[in-house]
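The structure appears below as structure tokens.
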Amino acid sequence: MVINRRYFLRRAWKACTAFLGGAAVWTSWEMLKARDVAAGGKITLGNPVDYKDGTATYVREGRLWVVNAGGHLRALSQKCPHLGCRVPFCDSSGRFECPCHGSVFNIGGEYIQGPTPRGMDGYALSVEGDALVVDTGSVITGPENSVQNFDSTAKGPSCAAGG
Ligand code: FES
């Protein structure tokens with residue numbers, strides 16, 4: 001079989017397109033997926049009074065969020081219970097909004113909407129001396145979707161909606 005120039009270029013173009021598409025998908029997945037917490041150890045989080053009501057503070061070392069939901073401190077995994085994407089906190093809505101398939105959680109990590117099978121998983125918190133400590137080796141499975149102990153009202157526009 002004789003391969004002419006046009007045939008060769010068409011095949012090369014398709015191969016390059018497929019490669020670039022695959023690379024784009026791989027890169028997107030690497031950016032969105034949550035990484036597992038490395039060691040499963042304890043992390044000191046500072047003074048509990050530094051976590052003000054209505055705030056969510058990201059702790060890079062533990063790849064988790066520390067939230068103050070109406071005076072209740074909780075440590076929440078950044079990993080979405082649906083398929084494991086990293087879940088950011090949306091300051092404008094005051095909710096966690098997963099960018100992958102639209103699951104939304106209130107500041108306490110409880111289910112609001114989307115395909116997630118449960119609320120956000122968490123970790124055990126304790127106070128040792130004056131410091132808040134999270135034990136990333138002690139995972140607390142997220143609450144059932146029917147559980148509603150915290151306010152789910154949006155403070156403002158959703159980040160996912162571009163607002
Ligand atoms: S991974 Fe979060 S909604 Fe699917």
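Just remember, in the structure tokens the first chain shown is A, the second B, etc., residues are 1-based per chain, and ligands are 1-based in the order shown.
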(request) Residues within 9 Å of ligand 1, counting only C-alpha atoms and all ligand atoms: report them as a PyMOL selection string. (result) chain A and resi 32-33+79-87+97-104+114-116
(request) Run DSSP on the backbone and give me the residues of chain A it puts in strand (DSSP E), as a VMD selection string. (result) chain A and resid 42 to 44 56 to 59 64 to 69 72 to 77 89 to 90 95 to 97 104 to 105 111 to 113 122 to 128 131 to 140
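Between CA of Gly119 (chain A) and CA of Pro157 (chain A) there is a distance of 21.2 Å.
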(request) Using only C-alpha atoms, find the one residue out of A:Leu132, A:Ile112, A:Met120, A:Leu73 that sits nearest to Pro88 (chain A). (result)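 Closest to Pro88 (chain A) of all the choices is A:Met120.
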(message) Which residues are close to Gly54 (chain A), i.e. within 12 Å by only C-alpha atoms, leaving aside same-chain residues fewer than 3 positions away? Reply as a list in words.
(response)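 Residues near the query, excluding close chain neighbours: Asp50, Tyr51, Thr57, Val66, Val67, Asn68, Ala69, Gly70, Gly71, His72, Leu73, Arg74, Phe89, Cys90, Asp91, Ser92, Ser93, Gly94, Arg95, Asn106, Ile107, Gly108, Phe150, Asp151, Ser152, Ala154 and Lys155 of chain A.
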